[in-house]
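Just below is one structure, and these are the notes that go with it.
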Amino acid sequence: MLQVSDALLSELEELHPTQRAAVLHPGNVVLRAGPGSGKTRTLVARAAYLLETQISAFRGIACITYTNAAADEIRRRVLQRGVRTDGRITCSTVHAFCLNEILRAFAPLTKEPAPQAGQVLGDKATQILLQHCFDRVGIAETLAQFRTGESTRIRRALACDEPLDAFDPREVQAARLYEQELTARGQTDFESMVTRALRIVREHEPVRDLLHARFPHLIVDEYQDLGGVLHELVVALHDLAGITVFAVGDTDQSVYGFSGADAKYLTDLADRGDFRDLPLDVNYRSGQKIIVAAEAALGTSRERRARDGAPPGSVNFHPVEEGLDDHARLACDLAQQAEQQQVRPERIAILYPQRGRLLDALLAELTRREIDFLYERDDKIPAGTLSRFVQRCASRAVTNYQIHTATADARPDMLRRAEAPPLAQLEHALTTLRTEARLSPPTSRLALLRTLQTCLDPQLPYPLDASAYDWLQRLRARLRLDAIAEQHPDKDNNTSLGELAALCRSKGLALQDLAQGEEVIGKILLTTYHSAKGREFDTVILPGLLNGIIPRNVADRGKWRQPTAKELAEQRRTFYVALTRAESTLHLIYGPGYHTKNGYWRPDGPSDFLIEMYRRLPATDSSEQQT
């Protein structure tokens with residue numbers, strides 16, 4: 001074991017004893033990390049500890065995350081620890097790991113061709129092919145746009161040899177046909193990339209040996225969001241390749257069941273005798289009142305506690321007399337009150353469960369009052385990692401303008417709050433995109449950093465209302481993004497730049513409208529419960545807490561039905577995730593009912609989740625929190 005540096009030793013001493021035990025444990029670990037428990041700090045400390053003291057300079061670690069943003073954040077924070085990485089940490093999504101570190105890296109050894117330009121199907125292409133398969137098996141009336149999640153679950157069950165009794169036999173037939181069509185067309189998608197990677201690891205001992213030689217340690221974040229195939233891949237890397245696994249997750253935050261994720265895999269891993277199961281019980285984010293309210297909504301007490309000395313926070317119940325327009329007005333009132341109490345706008349979030357009448361009312365009221373807000377248009381921005389890169393570049397440019405125009409007094413706080421992507425992070429993302437597109441690497445990393453700086457940190461920064469279209473065209477030219485789009489294996493990336501440019505022009509988007517998924521100084525955030533996962537705010541406002549909105553019925557084959565017990569439990573967990581985004585203040589808005597888009601009044605009353613939460617709260621809390 002190498003010597004622990006003073007910086008790392010200081011970091012370890014500051015950790016909670018359970019966090020320290022997780023970092024220092026020599027074997028496999030399952031870290032059950034609740035909201036605000038410092039799981040990212042623990043994960044980063046584990047990575048730094050392994051790189052600095054346990055692994056030679058010729059080997060490294062792999063870190064698998066659920067999103068590119070999470071991968072970027074972990075990589076950045078490891079570098080901030082002063083650990084010499086030099087390519088020794090590979091931090092990426094599961095799909096990027098399978099594509100780059102298994103399918104491509106070992107193609108010459110396995111004789112299996114790696115995906116080429118445009119061969120990895122995106123969401124749209126997947127739906128088109130799935131609809132073709134539905135038509136072929138005689139269920140043309142089944143619309144693929146509503147059944148991709150079910151098809152994914154079936155394909156994962158097939159890959160893991162799990163029972164198929166719960167699925168429609170015709171859809172099982174369509175899923176088998178879908179796999180055959182992918183093979184016949186020489187195409188793949190994100191799901192089949194993982195399946196192929198799993199098969200390669202299981203069947204090729206030399207691949208396993210080489211993976212272990214390069215990555216003796218594997219870190220997996222948000223394990224509860226993994227499906228069966230991804231879980232089997234982790235198990236294969238551990239059992240067959242001998243790789244040590246550090247898995248982080250929280251069964252209470254498993255909210256992607258519609259895509260085939262299942263928290264049972266985290267539990268299965270924790271139950272193994274060769275893993276140490278450690279819980280993080282301290283919440284460093286929220287006040288104790290918010291923690292108690294969230295666990296009451298969950299229906300299960302985890303006995304988590306706030307950090308010592310933390311303010312208790314406040315949970316406020318707000319009734320309205322009429323429908324969703326009243327919810328929107330009160331939500332805006334509360335947001336403006338928070339600003340008057342010196343809460344910065346970007347530290348305020350208005351969250352909603354899904355698109356519909358509630359979102360329409362919120363958008364109308366925020367716009368009418370001319371409140372500065374950022375609405376994350378996840379339904380409009382084209383998919384793909386190249387589109388995501390452009391959005392993060394926009395965030396860098398927007399933040400540069402805000403800091404440039406800030407007063408001297410405001411600037412330090414804005415620098416702290418903005419958290420714009422560092423140039424080095426953007427350079428790494430761009431280099432990864434070029435590598436995936438099999439383009440030649442840049443002549444020098446320094447030259448690429450300077451080009452990015454020229455594009456995003458100019459002497460005369462772009463104003464916030466500058467044309468996103470004009471800015472995008474300049475970025476495409478300077479960074480040669482069209483070459484990446486043309487050669488990238490992800491089909492979404494092949495078309496995203498053109499679609500993004502068309503969207504910017506047709507909608508007249510400003511530069512700040514592209515800054516998705518990042519804090520924008522001076523703007524309240526309006527987003528979904530799901531999109532808020534992994535983020536934190538001083539003040540969280542939850543309007544529309546009504547039966548029919550949360551919990552809600554489920555769309556199934558073009559019709560609506562009552563949620564199953566499993567689906568209802570997931571909706572409850574999603575509500576729990578929304579509640580636990582709040583640090584200091586939580587506002588809950590409810591009423592007698594709401595009007596549908598067709599004008600029909602639904603008098604279904606306050607959300608059952610809210611009523612159950614209120615009843616479970618201690619009498620002193622529930623009586624004091626009414627307004």
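Following the order of the structure tokens, chains are lettered A, B, ..., residues in each are numbered from 1, and ligands are numbered from 1.
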Show me, as a PyMOL selection string, the residues that have an atom within 10 Å of Tyr529 (chain A) when counting only C-alpha atoms, minus same-chain residues fewer than 2 positions from it. chain A and resi 255+350-354+526-527+531-533+542+574-579+581
Keeping N, CA and C atoms, export the residues of the selection given above as a PDB file, in the first residue's frame.
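Result went into result.pdb, see below:
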ATOM      1  N   VAL A 255     -36.893   5.090  -9.142  1.00  0.00           N
ATOM      2  CA  VAL A 255     -38.054   5.726  -9.786  1.00  0.00           C
ATOM      3  C   VAL A 255     -38.067   5.515 -11.296  1.00  0.00           C
ATOM      4  N   ILE A 350     -39.768  24.945  -8.528  1.00  0.00           N
ATOM      5  CA  ILE A 350     -41.179  24.549  -8.589  1.00  0.00           C
ATOM      6  C   ILE A 350     -41.215  23.230  -9.354  1.00  0.00           C
ATOM      7  N   LEU A 351     -41.664  22.179  -8.696  1.00  0.00           N
ATOM      8  CA  LEU A 351     -41.622  20.842  -9.280  1.00  0.00           C
ATOM      9  C   LEU A 351     -43.032  20.331  -9.561  1.00  0.00           C
ATOM     10  N   TYR A 352     -43.168  19.590 -10.647  1.00  0.00           N
ATOM     11  CA  TYR A 352     -44.457  19.009 -11.026  1.00  0.00           C
ATOM     12  C   TYR A 352     -44.230  17.561 -11.465  1.00  0.00           C
ATOM     13  N   PRO A 353     -45.253  16.693 -11.340  1.00  0.00           N
ATOM     14  CA  PRO A 353     -45.044  15.267 -11.633  1.00  0.00           C
ATOM     15  C   PRO A 353     -44.866  14.950 -13.119  1.00  0.00           C
ATOM     16  N   GLN A 354     -45.717  15.539 -13.984  1.00  0.00           N
ATOM     17  CA  GLN A 354     -45.640  15.251 -15.406  1.00  0.00           C
ATOM     18  C   GLN A 354     -46.357  16.365 -16.167  1.00  0.00           C
ATOM     19  N   LEU A 526     -38.131  25.403 -13.110  1.00  0.00           N
ATOM     20  CA  LEU A 526     -39.401  24.687 -13.265  1.00  0.00           C
ATOM     21  C   LEU A 526     -39.089  23.379 -13.966  1.00  0.00           C
ATOM     22  N   THR A 527     -39.249  22.262 -13.239  1.00  0.00           N
ATOM     23  CA  THR A 527     -38.910  20.972 -13.824  1.00  0.00           C
ATOM     24  C   THR A 527     -39.710  19.861 -13.159  1.00  0.00           C
ATOM     25  N   SER A 531     -36.603  14.891 -13.109  1.00  0.00           N
ATOM     26  CA  SER A 531     -35.439  15.683 -13.515  1.00  0.00           C
ATOM     27  C   SER A 531     -34.756  16.335 -12.325  1.00  0.00           C
ATOM     28  N   ALA A 532     -35.476  16.507 -11.225  1.00  0.00           N
ATOM     29  CA  ALA A 532     -34.888  17.121 -10.030  1.00  0.00           C
ATOM     30  C   ALA A 532     -34.046  16.130  -9.239  1.00  0.00           C
ATOM     31  N   LYS A 533     -34.120  14.848  -9.573  1.00  0.00           N
ATOM     32  CA  LYS A 533     -33.383  13.824  -8.844  1.00  0.00           C
ATOM     33  C   LYS A 533     -31.886  14.127  -8.878  1.00  0.00           C
ATOM     34  N   LEU A 542     -44.236  22.453  -4.279  1.00  0.00           N
ATOM     35  CA  LEU A 542     -44.912  21.345  -4.956  1.00  0.00           C
ATOM     36  C   LEU A 542     -46.394  21.669  -5.080  1.00  0.00           C
ATOM     37  N   THR A 574     -41.279   8.515  -6.116  1.00  0.00           N
ATOM     38  CA  THR A 574     -41.004   9.723  -6.896  1.00  0.00           C
ATOM     39  C   THR A 574     -41.400  10.965  -6.105  1.00  0.00           C
ATOM     40  N   PHE A 575     -42.522  10.901  -5.401  1.00  0.00           N
ATOM     41  CA  PHE A 575     -42.949  11.993  -4.525  1.00  0.00           C
ATOM     42  C   PHE A 575     -41.915  12.210  -3.419  1.00  0.00           C
ATOM     43  N   TYR A 576     -41.412  11.126  -2.875  1.00  0.00           N
ATOM     44  CA  TYR A 576     -40.375  11.194  -1.841  1.00  0.00           C
ATOM     45  C   TYR A 576     -39.123  11.894  -2.366  1.00  0.00           C
ATOM     46  N   VAL A 577     -38.727  11.565  -3.591  1.00  0.00           N
ATOM     47  CA  VAL A 577     -37.570  12.214  -4.205  1.00  0.00           C
ATOM     48  C   VAL A 577     -37.792  13.722  -4.302  1.00  0.00           C
ATOM     49  N   ALA A 578     -38.993  14.131  -4.718  1.00  0.00           N
ATOM     50  CA  ALA A 578     -39.294  15.566  -4.835  1.00  0.00           C
ATOM     51  C   ALA A 578     -39.202  16.255  -3.476  1.00  0.00           C
ATOM     52  N   LEU A 579     -39.738  15.638  -2.450  1.00  0.00           N
ATOM     53  CA  LEU A 579     -39.710  16.227  -1.110  1.00  0.00           C
ATOM     54  C   LEU A 579     -38.280  16.422  -0.608  1.00  0.00           C
ATOM     55  N   ARG A 581     -35.606  17.108  -2.103  1.00  0.00           N
ATOM     56  CA  ARG A 581     -34.736  18.083  -2.785  1.00  0.00           C
ATOM     57  C   ARG A 581     -34.564  19.340  -1.938  1.00  0.00           C
TER      58      ARG A 581
END
Find the spatial neighbours of Arg77 (chain A), counting only C-alpha atoms, within a cut-off of 12 Å - ignore same-chain residues fewer than 2 positions away - and output them as a list in words. Thr40, Arg41, Thr42, Leu43, Val44, Ala45, Arg46, Ala47, Ala48, Ala70, Ala71, Asp72, Glu73, Ile74, Arg75, Leu79, Gln80, Arg81, Gly82, Val83, Thr85, Ile89, Cys91, Pro422 and Gln425 of chain A
How about saving the chosen residues, C-alpha atoms kept, as a PDB file, in the first residue's frame?
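The resulting file, selection.pdb, is shown below:
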ATOM      1  CA  THR A  40     -21.005  11.514  -3.923  1.00  0.00           C
ATOM      2  CA  ARG A  41     -18.392  12.754  -1.466  1.00  0.00           C
ATOM      3  CA  THR A  42     -17.928   9.187  -0.215  1.00  0.00           C
ATOM      4  CA  LEU A  43     -17.759   7.789  -3.733  1.00  0.00           C
ATOM      5  CA  VAL A  44     -15.182  10.400  -4.768  1.00  0.00           C
ATOM      6  CA  ALA A  45     -13.120   9.766  -1.619  1.00  0.00           C
ATOM      7  CA  ARG A  46     -13.183   6.026  -2.387  1.00  0.00           C
ATOM      8  CA  ALA A  47     -11.968   6.665  -5.939  1.00  0.00           C
ATOM      9  CA  ALA A  48      -9.204   9.000  -4.736  1.00  0.00           C
ATOM     10  CA  ALA A  70     -23.046  12.585 -12.962  1.00  0.00           C
ATOM     11  CA  ALA A  71     -19.975  11.133 -14.684  1.00  0.00           C
ATOM     12  CA  ASP A  72     -18.617  14.625 -15.335  1.00  0.00           C
ATOM     13  CA  GLU A  73     -19.233  15.672 -11.729  1.00  0.00           C
ATOM     14  CA  ILE A  74     -17.454  12.648 -10.259  1.00  0.00           C
ATOM     15  CA  ARG A  75     -14.477  13.027 -12.598  1.00  0.00           C
ATOM     16  CA  LEU A  79      -9.351  15.767 -10.018  1.00  0.00           C
ATOM     17  CA  GLN A  80     -10.007  18.468  -7.411  1.00  0.00           C
ATOM     18  CA  ARG A  81      -8.614  16.117  -4.756  1.00  0.00           C
ATOM     19  CA  GLY A  82      -5.208  16.523  -6.369  1.00  0.00           C
ATOM     20  CA  VAL A  83      -4.936  12.845  -7.255  1.00  0.00           C
ATOM     21  CA  THR A  85      -5.186  10.350 -12.680  1.00  0.00           C
ATOM     22  CA  ILE A  89     -10.112   6.837 -14.092  1.00  0.00           C
ATOM     23  CA  CYS A  91     -16.021   7.586 -15.628  1.00  0.00           C
ATOM     24  CA  PRO A 422     -15.173  23.832 -16.398  1.00  0.00           C
ATOM     25  CA  GLN A 425     -14.581  19.017 -18.416  1.00  0.00           C
TER      26      GLN A 425
END
Tell me which protein, DNA and RNA residues are within 8 Å of Glu612 (chain A), counting only C-alpha atoms, leaving out same-chain ones fewer than 6 positions away, and put them as a PyMOL selection string. chain A and resi 296-297+299
Export, as an mmCIF file, in the first residue's frame, the selected residues with N, CA and C atoms.
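And here is the file that came out, again-v5.cif:
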data_model
loop_
_atom_site.group_PDB
_atom_site.id
_atom_site.type_symbol
_atom_site.label_atom_id
_atom_site.label_comp_id
_atom_site.auth_asym_id
_atom_site.auth_seq_id
_atom_site.Cartn_x
_atom_site.Cartn_y
_atom_site.Cartn_z
ATOM 1 N N ALA A 296 -42.448 10.204 6.317
ATOM 2 C CA ALA A 296 -43.879 9.973 6.540
ATOM 3 C C ALA A 296 -44.582 9.738 5.209
ATOM 4 N N ALA A 297 -44.191 10.495 4.178
ATOM 5 C CA ALA A 297 -44.776 10.296 2.849
ATOM 6 C C ALA A 297 -44.379 8.944 2.278
ATOM 7 N N GLY A 299 -43.889 6.339 3.968
ATOM 8 C CA GLY A 299 -44.611 5.300 4.690
ATOM 9 C C GLY A 299 -43.702 4.365 5.463
#
All residues 7 Å or closer to Leu374 (chain A), only C-alpha atoms, same chain fewer than 6 positions away omitted, as a PyMOL selection string: chain A and resi 523-526
Excluding Thr188 (chain A) and its own-chain neighbours fewer than 4 positions away, which residues fall within 12 Å of it when counting only C-alpha atoms? Please give them as number ranges by chain. A: 95, 99, 103, 113-123, 125-126, 129, 178-184, 192-197, 489-491
Please dump the current selection as an mmCIF file, in the first residue's frame; keep C-alpha atoms.
data_model
loop_
_atom_site.group_PDB
_atom_site.id
_atom_site.type_symbol
_atom_site.label_atom_id
_atom_site.label_comp_id
_atom_site.auth_asym_id
_atom_site.auth_seq_id
_atom_site.Cartn_x
_atom_site.Cartn_y
_atom_site.Cartn_z
ATOM 1 C CA HIS A 95 -23.750 2.324 -22.259
ATOM 2 C CA LEU A 99 -19.362 0.572 -26.142
ATOM 3 C CA LEU A 103 -17.294 -3.733 -27.620
ATOM 4 C CA PRO A 113 -17.558 -5.750 -35.231
ATOM 5 C CA ALA A 114 -18.020 -2.675 -33.068
ATOM 6 C CA PRO A 115 -20.878 -0.270 -33.912
ATOM 7 C CA GLN A 116 -20.070 2.103 -36.772
ATOM 8 C CA ALA A 117 -21.512 5.489 -37.758
ATOM 9 C CA GLY A 118 -25.264 5.645 -37.221
ATOM 10 C CA GLN A 119 -25.628 1.990 -36.197
ATOM 11 C CA VAL A 120 -26.719 2.698 -32.599
ATOM 12 C CA LEU A 121 -30.436 3.451 -32.738
ATOM 13 C CA GLY A 122 -31.826 6.388 -30.800
ATOM 14 C CA ASP A 123 -35.304 6.720 -29.304
ATOM 15 C CA ALA A 125 -35.432 4.910 -34.616
ATOM 16 C CA THR A 126 -36.115 2.375 -31.853
ATOM 17 C CA LEU A 129 -38.377 -0.532 -35.626
ATOM 18 C CA TYR A 178 -36.890 -6.896 -32.706
ATOM 19 C CA GLU A 179 -33.624 -8.561 -31.651
ATOM 20 C CA GLN A 180 -33.564 -10.563 -34.903
ATOM 21 C CA GLU A 181 -34.130 -7.404 -36.951
ATOM 22 C CA LEU A 182 -31.264 -5.615 -35.209
ATOM 23 C CA THR A 183 -28.922 -8.458 -36.115
ATOM 24 C CA ALA A 184 -30.159 -8.689 -39.705
ATOM 25 C CA SER A 192 -28.439 -4.594 -26.937
ATOM 26 C CA MET A 193 -25.009 -3.010 -26.403
ATOM 27 C CA VAL A 194 -25.182 -4.058 -22.763
ATOM 28 C CA THR A 195 -26.440 -7.528 -23.680
ATOM 29 C CA ARG A 196 -23.567 -7.979 -26.137
ATOM 30 C CA ALA A 197 -21.049 -6.739 -23.574
ATOM 31 C CA PRO A 489 -22.286 5.572 -33.920
ATOM 32 C CA ASP A 490 -25.250 6.974 -31.970
ATOM 33 C CA LYS A 491 -27.967 7.663 -34.528
#
From CA of Gln562 (chain A) to CA of Gly356 (chain A) the spacing works out at 17.9 Å
Tell me which of A:Ala261, A:Ile243, A:Ile381, A:Leu433 sits closest to Gly498 (chain A), counting only C-alpha atoms.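 Looking only at the distances to Gly498 (chain A), the closest residue turns out to be A:Ile381.
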Using DSSP on the backbone coordinates, identify all residues within region 61-282 of chain A classified as strand (DSSP E or B); present the result as a ChimeraX atom specification. /A:61-65,89-93,120-121,188-189,217-220,244-249,275-280,282
Could you turn the residues from that selection into a file that holds C-alpha atoms, as a PDB file, in the first residue's frame?
ATOM      1  CA  ILE A  61     -10.661   2.254 -11.874  1.00  0.00           C
ATOM      2  CA  ALA A  62     -13.915   2.326 -13.794  1.00  0.00           C
ATOM      3  CA  CYS A  63     -16.836   4.355 -12.504  1.00  0.00           C
ATOM      4  CA  ILE A  64     -20.269   3.697 -14.013  1.00  0.00           C
ATOM      5  CA  THR A  65     -23.024   6.272 -13.565  1.00  0.00           C
ATOM      6  CA  ILE A  89     -10.112   6.837 -14.092  1.00  0.00           C
ATOM      7  CA  THR A  90     -12.752   5.956 -16.665  1.00  0.00           C
ATOM      8  CA  CYS A  91     -16.021   7.586 -15.628  1.00  0.00           C
ATOM      9  CA  SER A  92     -18.997   7.129 -17.956  1.00  0.00           C
ATOM     10  CA  THR A  93     -22.530   5.873 -18.338  1.00  0.00           C
ATOM     11  CA  VAL A 120     -26.719   2.698 -32.599  1.00  0.00           C
ATOM     12  CA  LEU A 121     -30.436   3.451 -32.738  1.00  0.00           C
ATOM     13  CA  THR A 188     -27.758  -2.094 -32.262  1.00  0.00           C
ATOM     14  CA  ASP A 189     -29.329   0.037 -29.558  1.00  0.00           C
ATOM     15  CA  HIS A 217     -11.894  -1.822  -9.082  1.00  0.00           C
ATOM     16  CA  LEU A 218     -15.368  -0.911 -10.345  1.00  0.00           C
ATOM     17  CA  ILE A 219     -17.567   1.810  -8.806  1.00  0.00           C
ATOM     18  CA  VAL A 220     -21.274   1.866  -9.710  1.00  0.00           C
ATOM     19  CA  THR A 244     -13.783  -5.498  -6.729  1.00  0.00           C
ATOM     20  CA  VAL A 245     -17.147  -3.682  -6.716  1.00  0.00           C
ATOM     21  CA  PHE A 246     -18.234  -0.584  -4.808  1.00  0.00           C
ATOM     22  CA  ALA A 247     -21.987  -0.085  -5.398  1.00  0.00           C
ATOM     23  CA  VAL A 248     -23.898   2.999  -4.238  1.00  0.00           C
ATOM     24  CA  GLY A 249     -27.674   3.247  -4.225  1.00  0.00           C
ATOM     25  CA  PHE A 275     -20.181  -7.712   0.181  1.00  0.00           C
ATOM     26  CA  ARG A 276     -20.211  -5.404   3.178  1.00  0.00           C
ATOM     27  CA  ASP A 277     -23.545  -3.569   3.492  1.00  0.00           C
ATOM     28  CA  LEU A 278     -23.163  -0.063   4.953  1.00  0.00           C
ATOM     29  CA  PRO A 279     -25.906   2.578   5.462  1.00  0.00           C
ATOM     30  CA  LEU A 280     -25.445   6.368   5.491  1.00  0.00           C
ATOM     31  CA  VAL A 282     -27.070  11.356   8.280  1.00  0.00           C
TER      32      VAL A 282
END
